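model_2.txt follows (compact mmCIF, C-alpha atoms):
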```
# COMPACT_ATOMS: atom_id res chain seq x y z
CA MET A 24 -93.77 -12.99 36.41
CA TYR A 25 -93.18 -15.12 33.30
CA ALA A 26 -90.49 -13.01 31.70
CA GLY A 27 -87.85 -15.69 31.94
CA PHE A 28 -87.46 -19.25 33.01
CA GLY A 29 -84.03 -19.05 34.59
CA SER A 30 -85.14 -17.10 37.64
CA GLU A 31 -85.77 -18.71 41.01
CA GLY A 32 -89.20 -17.08 41.23
CA VAL A 33 -90.42 -18.76 38.06
CA VAL A 34 -89.36 -22.18 39.33
CA ILE A 35 -91.22 -21.58 42.60
CA ASP A 36 -94.30 -20.44 40.66
CA LEU A 37 -94.20 -23.60 38.53
CA LEU A 38 -93.95 -25.80 41.61
CA ARG A 39 -96.86 -23.98 43.21
CA LEU A 40 -99.00 -24.43 40.10
CA GLY A 41 -98.00 -28.10 39.91
CA PHE A 42 -98.96 -28.76 43.52
CA PHE A 43 -102.17 -26.77 43.07
CA GLY A 44 -103.24 -29.02 40.20
CA MET A 45 -102.60 -32.09 42.34
CA ARG A 46 -104.45 -30.67 45.36
CA THR A 47 -107.60 -29.90 43.39
CA ARG A 48 -108.08 -33.63 42.65
CA PRO A 49 -106.23 -35.40 45.48
CA LEU A 50 -107.81 -38.85 45.15
CA ARG A 51 -107.03 -39.06 41.44
CA ALA A 52 -103.47 -37.85 42.08
CA ILE A 53 -102.95 -40.45 44.82
CA LEU A 54 -104.25 -43.30 42.65
CA SER A 55 -102.04 -42.21 39.75
CA ALA A 56 -98.97 -41.90 41.94
CA LEU A 57 -99.74 -45.30 43.47
CA GLY A 58 -98.89 -47.09 40.24
CA ILE A 59 -95.48 -45.42 40.15
CA ALA A 60 -94.96 -46.13 43.88
CA ILE A 61 -95.71 -49.84 43.46
CA GLY A 62 -93.31 -50.16 40.53
CA ILE A 63 -90.48 -48.30 42.29
CA ALA A 64 -91.06 -50.23 45.55
CA ALA A 65 -90.88 -53.51 43.63
CA VAL A 66 -87.65 -52.50 41.90
CA VAL A 67 -86.00 -51.30 45.13
CA ALA A 68 -87.03 -54.46 47.00
CA VAL A 69 -85.90 -56.73 44.17
CA VAL A 70 -82.50 -55.01 44.16
CA GLY A 71 -82.22 -54.61 47.94
CA ILE A 72 -83.21 -58.12 49.07
CA PRO A 73 -80.65 -59.92 46.84
CA ALA A 74 -78.04 -57.38 47.96
CA SER A 75 -78.86 -58.23 51.58
CA SER A 76 -78.70 -61.93 50.77
CA ALA A 77 -75.33 -61.45 49.09
CA ALA A 78 -74.09 -59.48 52.11
CA ALA A 79 -75.21 -62.30 54.41
CA LEU A 80 -73.48 -64.84 52.16
CA HIS A 81 -70.31 -62.75 52.15
CA GLU A 82 -70.49 -62.55 55.94
CA LYS A 83 -70.87 -66.32 56.16
CA MET A 84 -68.00 -66.86 53.76
CA SER A 85 -65.79 -64.48 55.74
CA LYS A 86 -66.55 -66.40 58.92
CA LEU A 87 -66.50 -69.95 57.59
CA GLY A 88 -63.95 -69.42 54.82
CA THR A 89 -63.99 -70.49 51.18
CA ASN A 90 -60.79 -72.53 51.64
CA LEU A 91 -62.57 -75.65 52.91
CA LEU A 92 -62.36 -78.81 50.80
CA THR A 93 -64.04 -82.14 51.44
CA ALA A 94 -63.02 -85.57 50.25
CA ALA A 95 -65.34 -88.57 50.33
CA PRO A 96 -65.18 -92.12 48.99
CA GLY A 97 -66.81 -92.70 45.62
CA GLN A 98 -67.32 -96.01 43.85
CA ASP A 99 -64.83 -98.55 42.63
CA PHE A 100 -64.53 -100.00 39.13
CA PHE A 101 -67.35 -102.51 39.81
CA GLY A 102 -69.77 -99.90 41.10
CA GLN A 103 -69.32 -100.81 44.76
CA ASP A 104 -68.89 -98.22 47.50
CA ALA A 105 -65.21 -97.50 48.00
CA LYS A 106 -63.42 -96.77 51.28
CA LEU A 107 -60.86 -94.18 52.23
CA PRO A 108 -57.70 -95.54 53.86
CA GLU A 109 -57.42 -95.19 57.63
CA THR A 110 -54.41 -92.96 56.96
CA ALA A 111 -56.45 -90.46 54.92
CA VAL A 112 -56.23 -87.59 57.43
CA PRO A 113 -52.47 -87.90 58.14
CA MET A 114 -51.82 -88.13 54.40
CA ALA A 115 -53.90 -84.96 53.77
CA LYS A 116 -51.85 -83.09 56.35
CA ARG A 117 -48.66 -83.92 54.43
CA ILE A 118 -49.70 -81.60 51.59
CA GLY A 119 -47.72 -78.40 52.09
CA ALA A 120 -50.60 -75.97 51.51
CA VAL A 121 -52.92 -77.80 53.93
CA SER A 122 -53.17 -75.98 57.27
CA SER A 123 -55.41 -78.51 59.03
CA ALA A 124 -57.49 -81.62 58.38
CA SER A 125 -60.01 -83.73 60.23
CA ALA A 126 -62.67 -86.31 59.47
CA THR A 127 -65.99 -87.90 60.32
CA GLY A 128 -66.96 -91.53 59.82
CA LYS A 129 -70.48 -92.88 59.35
CA ILE A 130 -71.73 -95.41 61.88
CA SER A 131 -74.56 -97.87 61.20
CA ALA A 132 -76.63 -96.73 64.16
CA ASN A 133 -79.78 -94.72 64.84
CA VAL A 134 -80.17 -91.96 67.41
CA ARG A 135 -83.49 -91.69 69.26
CA LYS A 136 -84.90 -89.61 72.10
CA ASN A 137 -85.35 -92.73 74.23
CA ASP A 138 -85.65 -96.51 74.00
CA LEU A 139 -89.43 -96.32 73.47
CA VAL A 140 -89.14 -94.64 70.07
CA PRO A 141 -89.32 -97.16 67.18
CA SER A 142 -85.98 -97.83 65.50
CA SER A 143 -87.55 -96.97 62.14
CA ASP A 144 -88.13 -93.38 63.29
CA THR A 145 -84.72 -91.98 62.27
CA LEU A 146 -85.86 -88.35 61.76
CA GLY A 147 -83.44 -88.17 58.81
CA LEU A 148 -80.47 -88.05 61.21
CA GLN A 149 -77.22 -89.98 61.17
CA VAL A 150 -74.65 -91.00 63.76
CA GLN A 151 -71.03 -90.18 62.97
CA ALA A 152 -67.67 -90.59 64.64
CA ALA A 153 -65.76 -87.33 64.84
CA GLU A 154 -62.07 -86.63 65.28
CA GLN A 155 -61.00 -84.38 68.11
CA ASP A 156 -60.06 -81.36 66.00
CA LEU A 157 -63.17 -81.36 63.78
CA VAL A 158 -64.62 -78.20 65.38
CA LYS A 159 -61.41 -76.27 64.72
CA VAL A 160 -61.20 -77.32 61.07
CA LEU A 161 -64.86 -76.45 60.39
CA ASN A 162 -64.69 -73.15 62.33
CA ALA A 163 -67.76 -74.48 64.14
CA GLU A 164 -69.33 -72.81 67.14
CA VAL A 165 -70.45 -74.91 70.11
CA ARG A 166 -73.68 -73.05 70.82
CA GLU A 167 -74.48 -74.89 74.03
CA GLY A 168 -72.18 -76.91 76.30
CA ARG A 169 -68.79 -78.10 75.08
CA TRP A 170 -67.03 -80.32 72.54
CA LEU A 171 -66.26 -84.02 73.00
CA SER A 172 -63.49 -85.12 75.34
CA PRO A 173 -61.30 -88.10 74.37
CA GLY A 174 -62.64 -91.49 75.42
CA GLU A 175 -65.93 -90.30 77.00
CA LYS A 176 -69.26 -91.87 76.14
CA SER A 177 -70.99 -88.68 75.07
CA VAL A 178 -72.53 -87.04 72.03
CA VAL A 179 -72.57 -83.59 70.44
CA LEU A 180 -75.56 -82.72 68.26
CA GLY A 181 -75.69 -80.62 65.13
CA GLY A 182 -78.21 -77.78 65.23
CA THR A 183 -80.80 -79.53 63.04
CA ALA A 184 -80.37 -82.83 64.91
CA ALA A 185 -80.94 -81.11 68.25
CA SER A 186 -84.08 -79.40 66.93
CA ARG A 187 -85.57 -82.64 65.56
CA LEU A 188 -84.81 -84.53 68.76
CA GLY A 189 -86.22 -81.76 70.91
CA VAL A 190 -82.94 -81.21 72.76
CA ASP A 191 -82.15 -77.62 73.76
CA ARG A 192 -79.51 -78.06 76.46
CA PRO A 193 -76.68 -80.44 77.47
CA GLY A 194 -77.21 -83.21 80.00
CA VAL A 195 -79.99 -85.02 78.13
CA GLN A 196 -79.65 -88.79 77.58
CA LEU A 197 -80.11 -90.20 74.05
CA TRP A 198 -80.60 -93.81 73.00
CA ILE A 199 -78.17 -94.87 70.25
CA ASP A 200 -78.59 -98.50 69.17
CA GLY A 201 -79.09 -100.00 72.61
CA GLN A 202 -76.80 -97.64 74.53
CA TRP A 203 -77.33 -94.40 76.43
CA PHE A 204 -75.18 -91.41 75.50
CA THR A 205 -75.12 -88.06 77.28
CA VAL A 206 -75.44 -84.87 75.24
CA VAL A 207 -72.55 -82.59 76.17
CA GLY A 208 -72.89 -79.97 73.44
CA ILE A 209 -74.96 -78.51 70.61
CA LEU A 210 -73.33 -76.93 67.54
CA GLY A 211 -74.37 -73.74 65.83
CA PRO A 212 -75.40 -73.73 62.15
CA LEU A 213 -72.83 -74.86 59.57
CA PRO A 214 -73.90 -73.71 56.08
CA LEU A 215 -70.80 -75.27 54.50
CA SER A 216 -71.35 -78.62 56.23
CA PRO A 217 -75.10 -79.35 56.33
CA GLU A 218 -74.38 -83.05 56.93
CA ILE A 219 -72.91 -82.12 60.34
CA ASP A 220 -76.07 -80.16 61.18
CA ARG A 221 -78.06 -83.38 60.79
CA SER A 222 -75.67 -85.59 62.77
CA ALA A 223 -75.12 -86.94 66.26
CA LEU A 224 -71.36 -86.91 66.76
CA ILE A 225 -69.46 -89.19 69.12
CA GLY A 226 -65.73 -89.46 69.66
CA TRP A 227 -63.56 -91.48 67.27
CA GLU A 228 -62.29 -93.92 69.94
CA ALA A 229 -65.69 -94.11 71.66
CA ALA A 230 -67.23 -95.14 68.33
CA LYS A 231 -64.71 -97.94 67.93
CA GLU A 232 -65.40 -99.22 71.42
CA ALA A 233 -69.21 -98.90 71.38
CA PHE A 234 -70.04 -99.83 67.79
CA GLY A 235 -66.97 -101.53 66.36
CA PHE A 236 -66.23 -98.57 64.08
CA GLU A 237 -63.37 -99.57 61.76
CA GLY A 238 -61.81 -96.12 61.52
CA HIS A 239 -62.44 -95.41 57.81
CA ALA A 240 -63.39 -91.78 57.25
CA SER A 241 -66.56 -91.08 55.30
CA THR A 242 -65.66 -87.39 54.87
CA VAL A 243 -62.29 -85.69 55.22
CA TYR A 244 -62.34 -81.93 55.82
CA VAL A 245 -59.29 -79.96 54.72
CA ARG A 246 -58.34 -76.31 55.24
CA THR A 247 -55.86 -74.89 52.75
CA ALA A 248 -54.07 -71.65 52.00
CA GLN A 249 -56.56 -69.37 50.25
CA ASP A 250 -54.49 -69.07 47.07
CA GLN A 251 -53.79 -72.81 46.89
CA VAL A 252 -57.32 -74.19 46.97
CA GLU A 253 -57.38 -75.42 43.37
CA ASN A 254 -53.90 -76.93 43.59
CA VAL A 255 -54.80 -78.84 46.74
CA ARG A 256 -58.06 -79.90 45.13
CA LYS A 257 -56.11 -81.62 42.36
CA LEU A 258 -53.66 -83.25 44.78
CA LEU A 259 -56.14 -84.43 47.40
CA GLY A 260 -57.44 -87.52 45.60
CA PRO A 261 -54.02 -88.98 44.66
CA THR A 262 -52.67 -88.16 48.12
CA LEU A 263 -55.48 -89.78 50.15
CA ASN A 264 -55.64 -92.89 48.01
CA PRO A 265 -52.55 -93.14 45.76
CA GLN A 266 -53.58 -96.48 44.27
CA GLN A 267 -57.19 -95.56 43.41
CA ALA A 268 -57.30 -91.77 43.18
CA ASN A 269 -60.42 -91.99 41.00
CA GLU A 270 -62.34 -93.43 43.94
CA VAL A 271 -62.05 -90.18 45.88
CA LYS A 272 -64.63 -87.41 45.36
CA VAL A 273 -63.29 -83.95 46.15
CA SER A 274 -65.58 -80.92 46.42
CA ARG A 275 -65.57 -77.34 47.61
CA PRO A 276 -68.67 -76.69 49.80
CA SER A 277 -68.66 -72.92 49.25
CA GLU A 278 -69.45 -73.50 45.57
CA ALA A 279 -72.86 -74.92 46.55
CA LEU A 280 -73.74 -71.69 48.38
CA GLU A 281 -72.57 -69.62 45.43
CA ALA A 282 -74.69 -71.75 43.07
CA GLN A 283 -77.68 -71.20 45.34
CA GLN A 284 -77.07 -67.45 45.17
CA LEU A 285 -76.95 -67.66 41.36
CA VAL A 286 -80.31 -69.47 41.24
CA GLU A 287 -81.84 -66.80 43.47
CA SER A 288 -80.46 -64.11 41.15
CA SER A 289 -82.30 -65.63 38.18
CA PHE A 290 -85.61 -65.35 40.04
CA ASN A 291 -84.74 -61.79 41.04
CA ALA A 292 -84.34 -60.89 37.35
CA LEU A 293 -87.90 -62.11 36.77
CA PHE A 294 -89.26 -59.96 39.60
CA LEU A 295 -87.24 -57.00 38.33
CA GLY A 296 -89.03 -57.37 35.00
CA LEU A 297 -92.38 -57.41 36.79
CA GLY A 298 -91.36 -54.23 38.60
CA GLY A 299 -90.60 -52.66 35.22
CA VAL A 300 -94.05 -53.63 33.95
CA ALA A 301 -95.59 -52.02 37.04
CA LEU A 302 -93.63 -48.84 36.28
CA LEU A 303 -94.90 -48.85 32.70
CA VAL A 304 -98.48 -49.24 33.88
CA GLY A 305 -97.91 -46.44 36.39
CA GLY A 306 -96.58 -44.18 33.64
CA VAL A 307 -99.64 -44.85 31.50
CA GLY A 308 -101.81 -44.00 34.52
CA VAL A 309 -100.04 -40.67 35.01
CA ALA A 310 -100.39 -39.81 31.31
CA ASN A 311 -104.09 -40.68 31.43
CA THR A 312 -104.60 -38.54 34.53
CA MET A 313 -102.88 -35.57 32.92
CA VAL A 314 -104.88 -35.86 29.68
CA ILE A 315 -108.14 -35.87 31.66
CA SER A 316 -106.86 -32.97 33.74
CA VAL A 317 -106.24 -30.93 30.58
CA LEU A 318 -109.79 -31.61 29.36
CA GLU A 319 -111.32 -30.67 32.70
CA ARG A 320 -109.26 -27.53 33.15
CA ARG A 321 -109.91 -25.89 29.77
CA ARG A 322 -111.40 -22.79 31.41
CA GLU A 323 -108.36 -22.41 33.69
CA ILE A 324 -106.06 -22.71 30.67
CA GLY A 325 -108.13 -20.19 28.70
CA LEU A 326 -108.16 -17.73 31.58
CA ARG A 327 -104.40 -17.94 32.02
CA ARG A 328 -103.87 -17.50 28.29
CA ALA A 329 -106.19 -14.46 28.30
CA LEU A 330 -104.15 -12.98 31.16
CA GLY A 331 -100.95 -13.25 29.15
CA ALA A 332 -99.54 -16.73 29.76
CA THR A 333 -97.67 -18.08 26.74
CA ARG A 334 -97.93 -21.56 25.25
CA ARG A 335 -94.50 -22.30 26.69
CA GLN A 336 -95.64 -21.41 30.19
CA ILE A 337 -98.72 -23.61 29.89
CA ARG A 338 -96.55 -26.47 28.69
CA TRP A 339 -94.21 -26.08 31.66
CA GLN A 340 -97.12 -25.92 34.09
CA PHE A 341 -98.57 -29.30 33.08
CA LEU A 342 -95.18 -30.91 32.58
CA THR A 343 -94.19 -29.82 36.10
CA GLU A 344 -97.41 -31.25 37.51
CA SER A 345 -96.76 -34.58 35.80
CA VAL A 346 -93.16 -34.72 37.07
CA LEU A 347 -94.23 -33.85 40.62
CA LEU A 348 -96.93 -36.51 40.53
CA SER A 349 -94.51 -39.21 39.42
CA GLY A 350 -91.67 -37.93 41.61
CA LEU A 351 -93.78 -38.11 44.76
CA GLY A 352 -94.93 -41.59 43.77
CA GLY A 353 -91.30 -42.59 43.26
CA LEU A 354 -90.31 -41.17 46.66
CA VAL A 355 -93.08 -43.12 48.38
CA GLY A 356 -92.07 -46.22 46.43
CA VAL A 357 -88.44 -45.90 47.57
CA ILE A 358 -89.54 -45.59 51.21
CA VAL A 359 -91.81 -48.63 50.89
CA GLY A 360 -89.03 -50.57 49.12
CA ILE A 361 -86.58 -49.73 51.92
CA ALA A 362 -89.12 -50.85 54.54
CA VAL A 363 -89.79 -54.14 52.73
CA THR A 364 -86.07 -54.83 52.28
CA ALA A 365 -85.25 -54.02 55.90
CA GLY A 366 -88.20 -56.04 57.23
CA TYR A 367 -87.37 -59.11 55.16
CA SER A 368 -83.67 -58.88 56.00
CA ILE A 369 -84.43 -58.69 59.72
CA SER A 370 -86.77 -61.69 59.48
CA GLN A 371 -83.98 -63.69 57.79
CA LYS A 372 -81.33 -62.34 60.19
CA TRP A 373 -79.43 -60.77 57.29
CA PRO A 374 -77.61 -57.46 57.29
CA ALA A 375 -79.86 -54.97 55.49
CA ALA A 376 -78.03 -53.79 52.36
CA LEU A 377 -79.55 -50.77 50.60
CA PRO A 378 -77.77 -50.02 47.32
CA TRP A 379 -77.85 -46.23 47.01
CA PRO A 380 -77.64 -46.21 43.19
CA ALA A 381 -80.92 -48.16 43.11
CA LEU A 382 -82.57 -45.78 45.58
CA LEU A 383 -81.49 -42.64 43.72
CA GLY A 384 -82.19 -44.33 40.41
CA GLY A 385 -85.72 -45.18 41.58
CA VAL A 386 -86.59 -41.54 42.18
CA GLY A 387 -84.81 -40.54 38.96
CA ALA A 388 -86.72 -43.17 36.97
CA ALA A 389 -90.01 -41.94 38.42
CA ILE A 390 -89.21 -38.34 37.45
CA ALA A 391 -88.20 -39.45 33.95
CA ILE A 392 -91.43 -41.42 33.56
CA GLY A 393 -93.40 -38.39 34.72
CA ALA A 394 -91.63 -36.17 32.21
CA ILE A 395 -92.31 -38.60 29.36
CA ALA A 396 -95.91 -39.18 30.43
CA GLY A 397 -96.53 -35.42 30.70
CA VAL A 398 -95.22 -34.40 27.27
CA TYR A 399 -98.40 -35.09 25.28
CA PRO A 400 -100.84 -33.57 27.83
CA ALA A 401 -98.60 -30.51 28.19
CA VAL A 402 -98.40 -30.00 24.42
CA ARG A 403 -102.15 -30.51 24.10
CA ALA A 404 -102.83 -27.93 26.81
CA ALA A 405 -100.46 -25.41 25.18
CA ARG A 406 -102.19 -25.72 21.80
CA GLN A 407 -105.50 -24.49 23.15
CA SER A 408 -106.26 -20.86 22.27
CA PRO A 409 -107.95 -18.59 24.81
CA THR A 410 -111.18 -18.39 22.79
CA GLU A 411 -111.46 -22.21 22.43
CA ALA A 412 -110.71 -22.84 26.12
CA LEU A 413 -113.30 -20.28 27.31
CA ALA A 414 -115.98 -21.35 24.88
```
Write-out of the structure in structure tokens:
Amino acid sequence: MYAGFGSEGVVIDLLRLGFFGMRTRPLRAILSALGIAIGIAAVVAVVGIPASSAAALHEKMSKLGTNLLTAAPGQDFFGQDAKLPETAVPMAKRIGAVSSASATGKISANVRKNDLVPSSDTLGLQVQAAEQDLVKVLNAEVREGRWLSPGEKSVVLGGTAASRLGVDRPGVQLWIDGQWFTVVGILGPLPLSPEIDRSALIGWEAAKEAFGFEGHASTVYVRTAQDQVENVRKLLGPTLNPQQANEVKVSRPSEALEAQQLVESSFNALFLGLGGVALLVGGVGVANTMVISVLERRREIGLRRALGATRRQIRWQFLTESVLLSGLGGLVGVIVGIAVTAGYSISQKWPAALPWPALLGGVGAAIAIGAIAGVYPAVRAARQSPTEALA
């Protein structure tokens, strides 16, 4: 039976002995494997959740594009708020690599649910004039209703604005600085343009007629060729305001999302370290369980030695038991980690991304920890002579 260790029968015998040792003390085995399972689950979740977040970000970027630039007025030499020329959008379109451009302009007005709401209750929202092609430039989705028509006295709400005002469908009347406007549409979320999410948008010409809007853009949105983003970024300021290019602030909204992803990654590194600590604690628990098992099973060891088992066979028996204990804990941990990742991704409406190297590595790490943790108990068991074990 123990003549060689390359035969299939010997491997099966070792597995049987390993499982037998675990079955004789199931509660202790479960508690020991639990430490490994918690550590592996933490590592898988910490790797899987950021991967899902990155996949969601990539999906957003693919849909919204990373070739969007914004230009806004800064401050002049005396520290006063500057203005963009009325010709800012046409000038932006003259840049060869620019495929489209549009703008919004801030209006000194407050939007309220009705005329009974105090004017001081702004809900953190703003009213903006919007050019006709703004939706196309932003790749925005009109979630409910439609976009603005030229000349009509209507309003389209960003998603956040609609939520705060309690508006969930078109046709509702809103009170904007002494005038009623009809909601004709509600936009979907715009991660690259959060200011639009918090805005009530009215047509450019309607804003001039209703509120005396002067036509100066507060934000110009520009779509460029993907490989020309940086070149256009350098040209945008001097093009929009040739005389005071320094008064134009140019930014790339996608960089803010990427920076947010980087911040999240730094926290993930911390949690990954905590998962590693949990694995270390789990490994110590397995080693402790195996040492106690060796002490309690001295008679079994002595009997097997008396029947002809060699030191090498005893070593392999306890090492196999330790590896099985950790391996099963690792397998459970991977399953739990997958469940946590999938559950959290679904709750955030992200695509669930499960990096297979992390899953396979989790089980592999558990087996390696079991092998390391089982070395000392296995050696200690093998050193016992039949007479000492049966004494």
I want to know what sits within 12 Å of Arg328 in chain A, based on all atoms listed in the file, with residues of the same chain fewer than 2 positions away left out; could you give that as a count of residues only?
25
Taking 6 positions as the minimum chain separation for residues in the same chain, which residues sit within 10 Å of Leu213 in chain A when counting only C-alpha atoms? Answer as a ChimeraX atom specification.
/A:83,87,161-164,181-183,219-220
Please write the residues from the selection above to a file, keeping C-alpha atoms, as a PDB file, in the coordinates of the input.
```pdb
ATOM      1  CA  LYS A  83     -70.870 -66.320  56.160  1.00  0.00           C
ATOM      2  CA  LEU A  87     -66.500 -69.950  57.590  1.00  0.00           C
ATOM      3  CA  LEU A 161     -64.860 -76.450  60.390  1.00  0.00           C
ATOM      4  CA  ASN A 162     -64.690 -73.150  62.330  1.00  0.00           C
ATOM      5  CA  ALA A 163     -67.760 -74.480  64.140  1.00  0.00           C
ATOM      6  CA  GLU A 164     -69.330 -72.810  67.140  1.00  0.00           C
ATOM      7  CA  GLY A 181     -75.690 -80.620  65.130  1.00  0.00           C
ATOM      8  CA  GLY A 182     -78.210 -77.780  65.230  1.00  0.00           C
ATOM      9  CA  THR A 183     -80.800 -79.530  63.040  1.00  0.00           C
ATOM     10  CA  ILE A 219     -72.910 -82.120  60.340  1.00  0.00           C
ATOM     11  CA  ASP A 220     -76.070 -80.160  61.180  1.00  0.00           C
TER      12      ASP A 220
END
```
To one decimal in Å, tell me the separation between CA of Leu382 in chain A and CA of Ala310 in chain A.
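Interatomic distance here is 23.6 Å.
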Minimum-distance residue to Thr145 in chain A, chosen among A:Glu319, A:Glu232, A:Glu237, A:Asp200 (using all atoms listed in the file)
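Residue with the minimum atom-to-atom distance to Thr145 in chain A: A:Asp200.
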Skipping near chain neighbours, those fewer than 4 positions away, what residues fall within 7 Å of range 251-254 of chain A using all atoms listed in the file, listed as a ChimeraX atom specification?
/A:90,120,247,258
Write out as a ChimeraX atom specification each polymer residue whose atoms come within 12 Å of Gln371 in chain A, counting all atoms listed in the file; drop sequence neighbours fewer than 2 positions from it.
/A:72,75-76,79-80,364-369,373-375
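CA of Gly305 in chain A is found 12.7 Å from CA of Ala394 in chain A.
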How many Å separate CA of Val66 in chain A from CA of Phe341 in chain A?
27.1 Å
Please determine, counting all atoms listed in the file, which residue among A:Leu91, A:Leu107, A:Val134, A:Ile358 has the shortest atom-to-atom distance to Glu270 in chain A.
A:Leu107
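The closest residue to Leu348 in chain A, picked from A:Pro173, A:Thr89, A:Gly308, A:Ala248 and counting all atoms listed in the file, is A:Gly308.
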From A:Ser143, A:Ser241, A:Ser177, A:Thr47, residue lying nearest Asp104 in chain A [only C-alpha atoms]
A:Ser241
Neighbourhood query: residues within 12 Å of (-87.4, -84.2, 71.4), file coordinates, counting only C-alpha atoms; return as an MDAnalysis selection string.
chainID A and resid 134:137 140 146 183:192 195:198
For the selection you just gave me, I'd like the residues written to a file as a PDB file, in the coordinates of the input, keeping C-alpha atoms.
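Resulting contents of result-v7.pdb:
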```
ATOM      1  CA  VAL A 134     -80.170 -91.960  67.410  1.00  0.00           C
ATOM      2  CA  ARG A 135     -83.490 -91.690  69.260  1.00  0.00           C
ATOM      3  CA  LYS A 136     -84.900 -89.610  72.100  1.00  0.00           C
ATOM      4  CA  ASN A 137     -85.350 -92.730  74.230  1.00  0.00           C
ATOM      5  CA  VAL A 140     -89.140 -94.640  70.070  1.00  0.00           C
ATOM      6  CA  LEU A 146     -85.860 -88.350  61.760  1.00  0.00           C
ATOM      7  CA  THR A 183     -80.800 -79.530  63.040  1.00  0.00           C
ATOM      8  CA  ALA A 184     -80.370 -82.830  64.910  1.00  0.00           C
ATOM      9  CA  ALA A 185     -80.940 -81.110  68.250  1.00  0.00           C
ATOM     10  CA  SER A 186     -84.080 -79.400  66.930  1.00  0.00           C
ATOM     11  CA  ARG A 187     -85.570 -82.640  65.560  1.00  0.00           C
ATOM     12  CA  LEU A 188     -84.810 -84.530  68.760  1.00  0.00           C
ATOM     13  CA  GLY A 189     -86.220 -81.760  70.910  1.00  0.00           C
ATOM     14  CA  VAL A 190     -82.940 -81.210  72.760  1.00  0.00           C
ATOM     15  CA  ASP A 191     -82.150 -77.620  73.760  1.00  0.00           C
ATOM     16  CA  ARG A 192     -79.510 -78.060  76.460  1.00  0.00           C
ATOM     17  CA  VAL A 195     -79.990 -85.020  78.130  1.00  0.00           C
ATOM     18  CA  GLN A 196     -79.650 -88.790  77.580  1.00  0.00           C
ATOM     19  CA  LEU A 197     -80.110 -90.200  74.050  1.00  0.00           C
ATOM     20  CA  TRP A 198     -80.600 -93.810  73.000  1.00  0.00           C
TER      21      TRP A 198
END
```
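Proximity ranking of A:Leu180, A:Gly174, A:Pro193, A:Gln249 relative to Ala230 in chain A places A:Gly174 first, based on all atoms listed in the file.
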For Gly260 in chain A, which residue out of A:Ala68, A:Val300, A:Ala94, A:Ala77 is the nearest one, using only C-alpha atoms?
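Counting only C-alpha atoms, the residue closest to Gly260 in chain A is A:Ala94.
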